[in-house]
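Q: For reference, this is structure_20.cif, and it has mmCIF, C-alpha atoms.
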```cif
data_input
loop_
_atom_site.label_atom_id
_atom_site.label_comp_id
_atom_site.auth_asym_id
_atom_site.auth_seq_id
_atom_site.Cartn_x
_atom_site.Cartn_y
_atom_site.Cartn_z
CA MET A 1303 20.67 -217.36 -13.10
CA SER A 1304 19.17 -217.61 -16.51
CA ASP A 1305 15.61 -217.12 -15.35
CA THR A 1306 15.27 -213.49 -14.38
CA SER A 1307 11.56 -213.07 -14.75
CA GLY A 1308 8.74 -213.49 -12.32
CA ASP A 1309 8.71 -214.44 -8.65
CA TRP A 1310 11.30 -216.44 -6.83
CA PRO A 1311 10.38 -220.11 -6.36
CA LEU A 1312 8.98 -221.40 -3.11
CA TYR A 1313 11.05 -223.30 -0.52
CA GLU A 1314 9.83 -225.29 2.47
CA VAL A 1315 11.69 -224.73 5.75
CA PHE A 1316 12.44 -227.35 8.40
CA LEU A 1317 14.00 -226.51 11.75
CA ARG A 1318 15.54 -228.60 14.47
CA GLY A 1319 15.30 -227.25 17.99
CA LYS A 1320 17.74 -227.58 20.79
CA ARG A 1321 16.31 -230.75 22.27
CA GLY A 1322 17.62 -232.91 19.50
CA LEU A 1323 14.22 -233.59 17.98
CA ASN A 1324 13.66 -234.18 14.30
CA HIS A 1325 13.59 -231.33 11.87
CA VAL A 1326 10.05 -229.98 11.85
CA HIS A 1327 8.30 -228.16 9.04
CA VAL A 1328 7.70 -224.56 10.09
CA GLY A 1329 6.66 -222.79 6.91
CA SER A 1330 7.79 -221.66 3.51
CA LEU A 1331 9.45 -218.70 1.84
CA HIS A 1332 10.61 -217.37 -1.51
CA ALA A 1333 14.25 -217.41 -2.60
CA ALA A 1334 16.23 -217.39 -5.82
CA ASP A 1335 18.18 -220.52 -4.92
CA ALA A 1336 18.80 -222.92 -2.06
CA GLN A 1337 21.62 -220.90 -0.53
CA MET A 1338 19.48 -217.78 -0.40
CA ALA A 1339 16.65 -219.85 1.02
CA LEU A 1340 18.91 -220.87 3.91
CA HIS A 1341 19.70 -217.22 4.63
CA HIS A 1342 16.06 -216.26 4.44
CA ALA A 1343 15.06 -219.12 6.71
CA ARG A 1344 17.60 -217.96 9.25
CA ASP A 1345 16.29 -214.40 9.05
CA VAL A 1346 12.59 -215.20 9.03
CA TYR A 1347 12.18 -218.36 11.13
CA THR A 1348 14.96 -218.34 13.74
CA ARG A 1349 14.69 -214.82 15.11
CA ARG A 1350 13.45 -216.05 18.48
CA ASN A 1351 16.06 -218.69 19.07
CA GLU A 1352 13.92 -221.51 17.70
CA GLY A 1353 16.50 -223.60 15.96
CA VAL A 1354 20.04 -224.90 15.74
CA SER A 1355 19.75 -226.51 12.31
CA ILE A 1356 17.88 -225.59 9.13
CA TRP A 1357 16.87 -227.64 6.11
CA VAL A 1358 15.35 -226.05 3.03
CA VAL A 1359 13.74 -227.97 0.18
CA ALA A 1360 12.34 -226.58 -3.02
CA SER A 1361 8.59 -227.02 -2.80
CA ARG A 1362 8.49 -228.38 -6.34
CA ASP A 1363 10.75 -231.27 -5.26
CA ILE A 1364 8.24 -232.55 -2.72
CA THR A 1365 5.99 -235.36 -3.84
CA ALA A 1366 2.87 -235.36 -1.72
CA SER A 1367 -0.03 -237.75 -1.27
CA SER A 1368 -3.28 -236.47 -2.64
CA PRO A 1369 -6.39 -235.84 -0.55
CA ASP A 1370 -8.27 -237.95 -3.09
CA GLU A 1371 -6.22 -240.95 -2.05
CA LYS A 1372 -6.94 -240.45 1.62
CA ASP A 1373 -9.17 -243.47 2.06
CA PRO A 1374 -7.18 -246.04 0.08
CA PHE A 1375 -3.98 -244.74 1.66
CA PHE A 1376 -4.93 -244.36 5.30
CA ALA A 1377 -8.28 -245.85 6.13
CA PRO A 1378 -7.10 -249.50 6.04
CA SER A 1379 -4.75 -248.96 8.99
CA GLY A 1380 -7.51 -247.43 11.09
CA ASP A 1381 -8.81 -250.68 12.55
CA LYS A 1382 -5.56 -252.63 12.91
CA VAL A 1383 -5.21 -252.13 16.65
CA TYR A 1384 -2.92 -255.15 16.86
CA ARG A 1385 -0.22 -253.08 15.16
CA HIS A 1386 0.11 -250.92 18.25
CA PRO A 1387 2.51 -252.44 20.78
CA THR A 1388 0.06 -252.16 23.66
CA PHE A 1389 -0.41 -255.81 24.58
CA TYR A 1390 2.46 -256.26 26.99
CA ALA A 1391 3.58 -254.64 30.22
CA ILE A 1392 6.56 -252.31 30.15
CA PRO A 1393 9.04 -253.08 32.93
CA ASP A 1394 9.42 -250.27 35.46
CA ASN A 1395 13.11 -249.80 34.71
CA VAL A 1396 12.59 -248.96 31.03
CA PRO A 1397 12.66 -245.16 30.78
CA HIS A 1398 11.23 -242.78 28.19
CA MET A 1399 8.35 -244.92 27.04
CA MET B 1176 2.03 -231.78 23.01
CA ASP B 1177 -0.02 -230.80 19.99
CA THR B 1178 1.89 -232.37 17.13
CA TYR B 1179 0.54 -229.78 14.72
CA ASP B 1180 2.10 -226.89 16.56
CA ALA B 1181 5.49 -226.81 14.90
CA TYR B 1182 6.81 -224.00 16.99
CA GLN B 1183 5.96 -225.72 20.22
CA ALA B 1184 7.70 -228.82 18.96
CA ILE B 1185 10.95 -227.07 18.24
CA THR B 1186 11.25 -224.60 21.04
CA ASP B 1187 12.97 -225.68 24.19
CA VAL B 1188 10.36 -224.54 26.65
CA THR B 1189 8.34 -225.35 29.67
CA GLU B 1190 5.08 -223.63 30.43
CA ASP B 1191 6.67 -220.69 32.26
CA GLN B 1192 9.60 -220.39 29.90
CA ARG B 1193 8.15 -219.60 26.50
CA TRP B 1194 10.30 -217.97 23.87
CA ALA B 1195 7.56 -215.43 23.34
CA PHE B 1196 8.55 -213.89 26.64
CA GLY B 1197 12.21 -214.02 25.88
CA ALA B 1198 13.00 -216.37 28.74
CA ALA B 1199 14.46 -219.07 26.54
CA ILE B 1200 16.95 -216.66 25.04
CA ARG B 1201 20.20 -216.73 26.91
CA ARG B 1202 21.11 -213.39 28.31
CA PRO B 1203 24.55 -212.28 27.26
CA ALA B 1204 27.11 -212.42 30.02
CA LEU B 1205 27.88 -208.77 29.51
CA ARG B 1206 24.44 -207.88 30.79
CA ARG B 1207 25.64 -208.72 34.26
CA ARG B 1208 29.00 -207.07 33.99
CA TYR B 1209 27.40 -204.07 32.51
CA ASP B 1210 26.87 -202.14 35.70
CA ASP B 1211 30.37 -202.83 36.87
CA PRO B 1212 31.72 -199.36 37.63
CA GLY B 1213 34.50 -200.07 35.19
CA ARG B 1214 37.77 -201.79 35.71
CA CYS B 1215 39.26 -200.05 32.75
CA ARG B 1216 42.47 -198.46 34.00
CA ARG B 1217 42.24 -195.44 31.78
CA ARG B 1218 38.65 -194.72 32.37
CA ARG B 1219 38.55 -191.30 30.84
CA THR B 1220 40.09 -192.44 27.60
CA CYS B 1221 37.63 -195.26 27.08
CA ALA B 1222 34.72 -193.02 26.35
CA PRO B 1223 35.71 -191.48 23.02
CA ILE B 1224 36.23 -194.75 21.20
CA ALA B 1225 32.96 -196.05 22.52
CA LYS B 1226 31.16 -192.92 21.42
CA CYS B 1227 32.76 -192.89 18.00
CA SER B 1228 31.98 -196.56 17.42
CA VAL B 1229 28.54 -196.19 18.76
CA THR B 1230 27.33 -193.43 16.52
CA THR B 1231 28.79 -195.33 13.60
CA HIS B 1232 26.74 -198.40 14.49
CA PHE B 1233 23.77 -196.23 15.42
CA SER B 1234 23.71 -194.30 12.15
CA LEU B 1235 24.06 -197.32 9.87
CA SER B 1236 21.33 -199.03 11.85
CA HIS B 1237 19.02 -196.17 10.96
CA ARG B 1238 20.00 -196.26 7.30
CA LEU B 1239 19.10 -199.96 7.24
CA GLN B 1240 15.83 -199.32 9.06
CA GLN B 1241 14.84 -197.03 6.21
CA TRP B 1242 14.52 -200.14 4.04
CA VAL B 1243 11.73 -201.52 6.18
CA ALA B 1244 8.53 -201.39 4.11
CA HIS B 1245 10.64 -200.64 1.01
CA ALA B 1246 12.78 -203.77 0.58
CA PRO B 1247 12.45 -205.72 -2.66
CA GLU B 1248 11.17 -208.87 -0.96
CA LEU B 1249 9.56 -209.60 2.39
CA GLU B 1250 12.38 -211.95 3.32
CA GLU B 1251 15.04 -209.33 2.56
CA GLU B 1252 13.14 -206.87 4.66
CA ALA B 1253 13.30 -209.18 7.65
CA ALA B 1254 17.01 -209.69 7.01
CA LEU B 1255 17.74 -205.96 6.85
CA ALA B 1256 15.67 -205.31 9.96
CA ASN B 1257 17.55 -208.04 11.81
CA ILE B 1258 20.88 -206.51 10.88
CA ALA B 1259 19.68 -203.03 11.85
CA LEU B 1260 18.58 -204.38 15.23
CA ASP B 1261 21.92 -206.13 15.79
CA LEU B 1262 23.74 -202.86 15.15
CA LEU B 1263 21.34 -200.93 17.35
CA GLY B 1264 21.92 -203.44 20.13
CA GLN B 1265 25.68 -203.00 19.85
CA ALA B 1266 25.18 -199.23 19.82
CA ARG B 1267 23.13 -199.35 23.02
CA PHE B 1268 25.76 -201.32 24.90
CA LEU B 1269 28.51 -198.99 23.71
CA LEU B 1270 26.52 -195.85 24.53
CA ALA B 1271 25.68 -197.01 28.02
CA ARG B 1272 29.31 -197.98 28.52
CA ALA B 1273 30.41 -194.54 27.41
CA GLY B 1274 28.09 -192.89 29.92
CA THR B 1275 29.47 -195.05 32.72
CA VAL B 1276 33.13 -194.67 31.85
CA ASP B 1277 33.28 -190.91 31.35
CA GLY B 1278 31.70 -190.40 34.74
CA SER B 1279 28.97 -188.17 33.38
CA GLY B 1280 26.21 -190.63 34.18
CA ARG B 1281 24.60 -189.93 30.82
CA THR B 1282 22.30 -192.63 29.51
CA GLU B 1283 22.18 -194.18 26.05
CA ASP B 1284 19.26 -191.91 25.21
CA ASP B 1285 21.28 -188.82 26.10
CA TYR B 1286 23.87 -189.75 23.52
CA ALA B 1287 21.46 -191.02 20.90
CA PHE B 1288 18.66 -188.48 21.06
CA GLN B 1289 19.78 -185.45 23.05
CA ARG B 1290 22.61 -184.38 20.78
CA GLY B 1291 22.55 -182.24 17.67
CA PRO B 1292 23.72 -183.48 14.28
CA ALA B 1293 27.07 -181.69 14.62
CA GLN B 1294 27.86 -183.64 17.78
CA PHE B 1295 27.58 -187.00 16.11
CA ARG B 1296 30.90 -188.70 15.39
CA HIS B 1297 30.89 -191.34 12.72
CA VAL B 1298 32.56 -192.27 9.48
CA ARG B 1299 31.03 -190.69 6.40
CA LEU B 1300 30.43 -194.10 4.88
CA VAL B 1301 27.38 -194.58 7.11
CA GLU B 1302 25.85 -191.24 6.15
CA LEU B 1303 25.34 -192.17 2.51
CA VAL B 1304 21.74 -192.48 1.45
CA ASP B 1305 21.08 -195.81 -0.28
CA SER B 1306 20.11 -194.87 -3.81
CA ASP B 1307 19.42 -198.52 -4.59
CA PHE B 1308 19.72 -202.01 -3.14
CA GLY B 1309 23.17 -202.42 -4.70
CA VAL B 1310 24.52 -199.46 -2.74
CA ALA B 1311 23.00 -200.84 0.45
CA MET B 1312 24.70 -204.21 -0.07
CA ALA B 1313 28.05 -202.79 -1.22
CA ARG B 1314 28.12 -200.43 1.76
CA LEU B 1315 27.14 -203.20 4.17
CA LEU B 1316 29.88 -205.43 2.76
CA VAL B 1317 32.52 -202.75 3.25
CA PHE B 1318 31.21 -201.74 6.65
CA SER B 1319 30.92 -205.24 8.09
CA THR B 1320 34.28 -206.34 6.72
CA TRP B 1321 35.89 -203.35 8.40
CA ARG B 1322 33.96 -203.66 11.67
CA LEU B 1323 34.58 -207.38 11.88
CA ALA B 1324 38.34 -206.82 11.72
CA VAL B 1325 38.12 -204.09 14.37
CA LEU B 1326 35.78 -205.98 16.70
CA ASP B 1327 37.87 -209.12 16.39
CA ARG B 1328 40.86 -207.23 17.77
CA LEU B 1329 38.75 -205.41 20.34
CA ARG B 1330 37.99 -208.76 21.96
CA ALA B 1331 41.44 -208.56 23.51
CA SER B 1332 40.75 -205.13 25.00
CA ARG B 1333 41.80 -204.54 28.59
CA ASP B 1334 38.39 -203.04 29.20
CA PRO B 1335 36.32 -206.13 30.02
CA VAL B 1336 33.05 -204.55 28.95
CA LEU B 1337 34.37 -203.45 25.58
CA ALA B 1338 35.83 -206.93 25.13
CA ALA B 1339 32.47 -208.53 25.94
CA ILE B 1340 30.60 -206.20 23.57
CA ALA B 1341 33.12 -207.02 20.83
CA ASP B 1342 32.79 -210.73 21.45
CA LYS B 1343 29.03 -210.53 21.00
CA GLY B 1344 29.40 -208.26 17.98
CA VAL B 1345 31.82 -210.52 16.12
CA LYS B 1346 29.21 -213.27 15.78
CA GLU B 1347 26.59 -210.83 14.55
CA VAL B 1348 28.79 -208.94 12.11
CA THR B 1349 30.16 -212.20 10.70
CA TYR B 1350 26.65 -212.97 9.51
CA HIS B 1351 26.12 -209.43 8.21
CA ARG B 1352 29.23 -209.78 6.08
CA GLU B 1353 28.17 -213.14 4.73
CA TYR B 1354 24.75 -211.76 3.88
CA ALA B 1355 26.17 -208.71 2.08
CA ALA B 1356 28.86 -210.72 0.32
CA GLN B 1357 26.42 -213.21 -1.15
CA TRP B 1358 24.32 -210.33 -2.46
CA VAL B 1359 27.24 -208.47 -4.01
CA ILE B 1360 28.38 -211.68 -5.72
CA ARG B 1361 24.83 -212.46 -6.78
CA LEU B 1362 24.29 -209.03 -8.27
CA GLY B 1363 27.69 -209.14 -9.94
CA ASP B 1364 26.85 -212.48 -11.54
CA GLY B 1365 23.25 -211.61 -12.32
CA THR B 1366 22.10 -209.67 -15.34
CA GLU B 1367 23.92 -207.02 -17.30
CA PHE B 1368 21.80 -204.50 -15.45
CA SER B 1369 22.51 -205.80 -11.93
CA HIS B 1370 26.22 -206.11 -12.70
CA ARG B 1371 26.38 -202.52 -13.87
CA ARG B 1372 24.44 -201.25 -10.86
CA VAL B 1373 26.49 -203.05 -8.22
CA GLN B 1374 29.70 -201.98 -9.95
CA ALA B 1375 28.43 -198.39 -9.85
CA ALA B 1376 27.60 -198.85 -6.17
CA LEU B 1377 31.13 -200.02 -5.39
CA ASP B 1378 32.54 -197.08 -7.32
CA GLN B 1379 30.28 -194.73 -5.40
CA ILE B 1380 31.45 -195.82 -1.97
CA ALA B 1381 35.12 -196.26 -2.87
CA PRO B 1382 36.03 -192.67 -1.88
CA PHE B 1383 34.69 -193.27 1.64
CA VAL B 1384 36.86 -196.31 2.32
CA GLY B 1385 40.11 -194.53 3.13
CA GLU B 1386 38.60 -192.79 6.14
CA LEU B 1387 37.83 -196.11 7.79
CA PHE B 1388 41.53 -196.80 8.23
CA THR B 1389 42.63 -193.40 9.45
CA ASP B 1390 43.81 -193.45 13.06
CA SER B 1391 42.60 -190.60 15.23
CA ASP B 1392 44.70 -189.39 18.16
CA VAL B 1393 42.26 -191.00 20.53
CA GLU B 1394 42.44 -194.34 18.77
CA THR B 1395 46.22 -194.29 18.73
CA ARG B 1396 46.32 -193.48 22.44
CA LEU B 1397 43.76 -196.15 23.32
CA ALA B 1398 45.56 -198.78 21.26
CA ALA B 1399 48.80 -197.96 23.05
CA ALA B 1400 46.97 -198.47 26.35
CA GLY B 1401 45.73 -201.88 25.25
CA VAL B 1402 42.12 -200.71 25.33
CA GLY B 1403 41.33 -199.84 21.73
CA VAL B 1404 42.30 -200.79 18.21
CA ARG B 1405 44.07 -198.79 15.53
CA PRO B 1406 41.87 -199.09 12.44
CA SER B 1407 44.94 -198.85 10.18
CA GLU B 1408 46.04 -202.26 11.49
CA THR B 1409 42.99 -203.86 9.90
CA ARG B 1410 43.63 -202.63 6.35
CA ALA B 1411 45.45 -205.73 5.11
CA GLU B 1412 42.75 -208.02 6.45
CA PHE B 1413 40.08 -205.83 4.88
CA ASP B 1414 41.79 -205.86 1.47
CA ALA B 1415 42.18 -209.63 1.51
CA ALA B 1416 38.54 -210.19 2.45
CA LEU B 1417 37.27 -207.75 -0.18
CA ASP B 1418 39.51 -209.33 -2.80
CA ALA B 1419 38.10 -212.75 -1.97
CA VAL B 1420 34.50 -211.58 -2.31
CA LEU B 1421 34.90 -209.48 -5.43
CA SER B 1422 36.91 -212.12 -7.26
CA ALA B 1423 34.41 -214.83 -6.27
CA ALA B 1424 31.94 -213.37 -8.73
CA THR B 1425 32.35 -215.23 -12.00
CA ARG B 1426 31.92 -211.93 -13.76
CA ALA B 1427 34.62 -210.34 -11.71
CA LEU B 1428 34.09 -206.99 -10.13
CA SER B 1429 37.85 -206.83 -10.25
CA GLY B 1430 38.06 -203.24 -11.41
CA VAL B 1431 37.04 -202.27 -7.92
CA VAL B 1432 39.87 -204.08 -6.18
CA GLY B 1433 42.33 -201.68 -7.72
CA VAL B 1434 40.34 -198.77 -6.39
CA TRP B 1435 40.47 -200.04 -2.82
CA ARG B 1436 44.21 -200.54 -3.04
CA SER B 1437 45.09 -197.25 -4.66
CA ASP B 1438 43.13 -195.54 -1.95
CA GLU B 1439 45.94 -196.29 0.47
CA ASP B 1440 48.85 -195.32 -1.73
#
```
Starting from the file, lay out its structure as structure tokens.

A:
Amino acid sequence: MSDTSGDWPLYEVFLRGKRGLNHVHVGSLHAADAQMALHHARDVYTRRNEGVSIWVVASRDITASSPDEKDPFFAPSGDKVYRHPTFYAIPDNVPHM
Amino acid sequence: MDTYDAYQAITDVTEDQRWAFGAAIRRPALRRRYDDPGRCRRRRTCAPIAKCSVTTHFSLSHRLQQWVAHAPELEEEAALANIALDLLGQARFLLARAGTVDGSGRTEDDYAFQRGPAQFRHVRLVELVDSDFGVAMARLLVFSTWRLAVLDRLRASRDPVLAAIADKGVKEVTYHREYAAQWVIRLGDGTEFSHRRVQAALDQIAPFVGELFTDSDVETRLAAAGVGVRPSETRAEFDAALDAVLSAATRALSGVVGVWRSDED
């Protein structure tokens, strides 16, 4: 812990609920390191039985797309309806679709 | 489902079973057994240990609550409040059990709020006022290490309610100890200032450690009946756990280990 000045860095928190879904982003918090971030996530975000698994990631380690790139990134897929698998009938005995 | 509502996505709920109303939280089994008139064979002797334990949990809970709105970080505040609530919950179960077992019909509130200071029975360790965060963490480390060893043994109690309360408590106190241990190590390894302060904190509470392992007549009698636990039995486990934590700091807080040990001699 060489850096002893200023605020603790920010961590993003991801929780997985009981139903076996993916980890879902639920918020962020401050912590001195990843281990402390796990403790804080447990204490701040799982008080009401929300999760069975926690991931924490330092916010600075996340590379995000920029709002400026929204059109070149996402607009081209907007009119490609043929990419949705909606052009065939699902048999009745296929569950969870 | 609204994909942007993270909480809805992760909580295991249906419309009438939202966590906000507590329905998704499993009720502890002891809630049901709670009103059992008591299958403890030595009913009258159950009460003192419950009362003693309970005011110990009750008092430390209040000391921790005093940090709320004063903790160094918001996240630590939530952590301390959580721990305080865990201890208060254990205290409530024990108090209500005491009122049932001693036949007086007193409620948890009677024990908690209708008694004078002189009628409280707890170890002096929990009376200490936290002069800084280091003292709070050092005290919590000592307290939870001790209570964990006691509760772990209490799970085998012949009183089914005490055993159920202990079983619930072990999981909670295990986390409390981990939380306190990581802070003591962190402060010990931190700056010159934090190391000095946490060392001073350990020195400050050292004189209160011996009392934790002194068997009262009641405790000895209850242990013989298979209902309670003799605190002195937990000393070796306590020493080993404290050793492990204090020597885990790279800038060892090893001077303190000797203090714990000599306390017994």

Q: Around region 1327-1342 of chain A, fit a box with edges along x, y and z, padding it by 5 Å on each side, then list its centre and edge lengths in Å to one decimal as lines of an AutoDock Vina configuration file.

A:
```
center_x = 14.1
center_y = -222.2
center_z = 2.1
size_x = 25.0
size_y = 21.9
size_z = 25.9
```

Q: Find the residue from A:Pro1378, A:Pro1311, A:Pro1393, A:Gly1319 that sits nearest to chain B; use all atoms listed in the file when measuring.

A: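 Once distances to chain B are computed over all atoms listed in the file, the minimum belongs to A:Gly1319.
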
Q: From (15.3, -217.6, -5.6), in the file's coordinates, out to 6 Å: which residues are reached, counting only C-alpha atoms? Answer as a short mmCIF file (atom, residue, chain, number, x, y, z; two decimals) with C-alpha atoms, in the frame of the given file.

A:
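As written to disk, out-v6.cif reads:
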```
data_model
loop_
_atom_site.label_atom_id
_atom_site.label_comp_id
_atom_site.auth_asym_id
_atom_site.auth_seq_id
_atom_site.Cartn_x
_atom_site.Cartn_y
_atom_site.Cartn_z
CA TRP A 1310 11.30 -216.44 -6.83
CA PRO A 1311 10.38 -220.11 -6.36
CA ALA A 1333 14.25 -217.41 -2.60
CA ALA A 1334 16.23 -217.39 -5.82
CA ASP A 1335 18.18 -220.52 -4.92
#
```

Q: So, counting all atoms listed in the file, which residue among A:Met1338, A:Leu1312, A:Val1383, A:Val1358 is closest to chain B?

A: A:Met1338

Q: Measuring atom to atom with all atoms listed in the file, identify which of B:Ala1419, B:Asn1257, B:Val1298, B:His1237 is nearest to His1342 (chain A).

A: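 Closest candidate: B:Asn1257.
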
Q: Fewer than 5 positions away in the same chain doesn't count, so skip those; otherwise give me all residues within 8 Å of Val1359 (chain B), counting only C-alpha atoms, as a PyMOL selection string.

A: chain B and resi 1309+1312-1313+1316+1373+1421

Q: Report as number ranges by chain all protein, DNA and RNA residues lying within 12 Å of Ala1416 (chain B), evaluated on all atoms listed in the file, omitting residues in the same chain fewer than 2 positions from it.

A: B: 1316-1321, 1323-1324, 1349, 1352-1353, 1356, 1409-1414, 1418-1423, 1432, 1435

Q: Let me know the residues the PyMOL selection byres ((chain A) within 9 of (chain B)) catches in the file above, as a PyMOL selection string.

A: chain A and resi 1303-1304+1306+1317-1328+1331-1333+1338+1341-1346+1349-1353

Q: What lies within 9 Å of Leu1326 (chain B) using all atoms listed in the file, ignoring chain neighbours under 3 positions off, as a list of chain:residue names?

A: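 So the residues in contact are B:Trp1321, B:Arg1322, B:Leu1323, B:Leu1329, B:Arg1330, B:Ala1338, B:Ile1340, B:Ala1341, B:Asp1342, B:Gly1344, B:Val1345, B:Val1348, B:Val1404.
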
Q: Could you tell me, as number ranges by chain, exactly which residues end up selected when the PyMOL selection byres ((chain B and resi 1261-1265) around 6) is applied to this structure?

A: B: 1232-1233, 1236, 1258-1260, 1266-1268

Q: Can I get the selection written as a PDB file, in the coordinates of the input, with C-alpha atoms?

A:
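File part-v9.pdb, as written:
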```pdb
ATOM      1  CA  HIS B1232      26.740-198.400  14.490  1.00  0.00           C
ATOM      2  CA  PHE B1233      23.770-196.230  15.420  1.00  0.00           C
ATOM      3  CA  SER B1236      21.330-199.030  11.850  1.00  0.00           C
ATOM      4  CA  ILE B1258      20.880-206.510  10.880  1.00  0.00           C
ATOM      5  CA  ALA B1259      19.680-203.030  11.850  1.00  0.00           C
ATOM      6  CA  LEU B1260      18.580-204.380  15.230  1.00  0.00           C
ATOM      7  CA  ALA B1266      25.180-199.230  19.820  1.00  0.00           C
ATOM      8  CA  ARG B1267      23.130-199.350  23.020  1.00  0.00           C
ATOM      9  CA  PHE B1268      25.760-201.320  24.900  1.00  0.00           C
TER      10      PHE B1268
END
```

Q: One decimal, Å: what's the distance from CA of Ala1424 (chain B) over to CA of Gly1363 (chain B), could you say?

A: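 Computing the Euclidean distance for CA of Ala1424 (chain B) and CA of Gly1363 (chain B) yields 6.1 Å.
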
Q: Between CA of Leu1387 (chain B) and CA of Arg1333 (chain B), what distance in Å does the model show, to one decimal?

A: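 Separating CA of Leu1387 (chain B) from CA of Arg1333 (chain B) is a distance of 22.8 Å.
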
Q: Can you list what the PyMOL selection byres ((chain B and resi 1377-1379) around 9) grabs from this structure, as a PyMOL selection string?

A: chain B and resi 1309-1310+1313-1314+1372-1376+1380-1383+1428+1431+1434
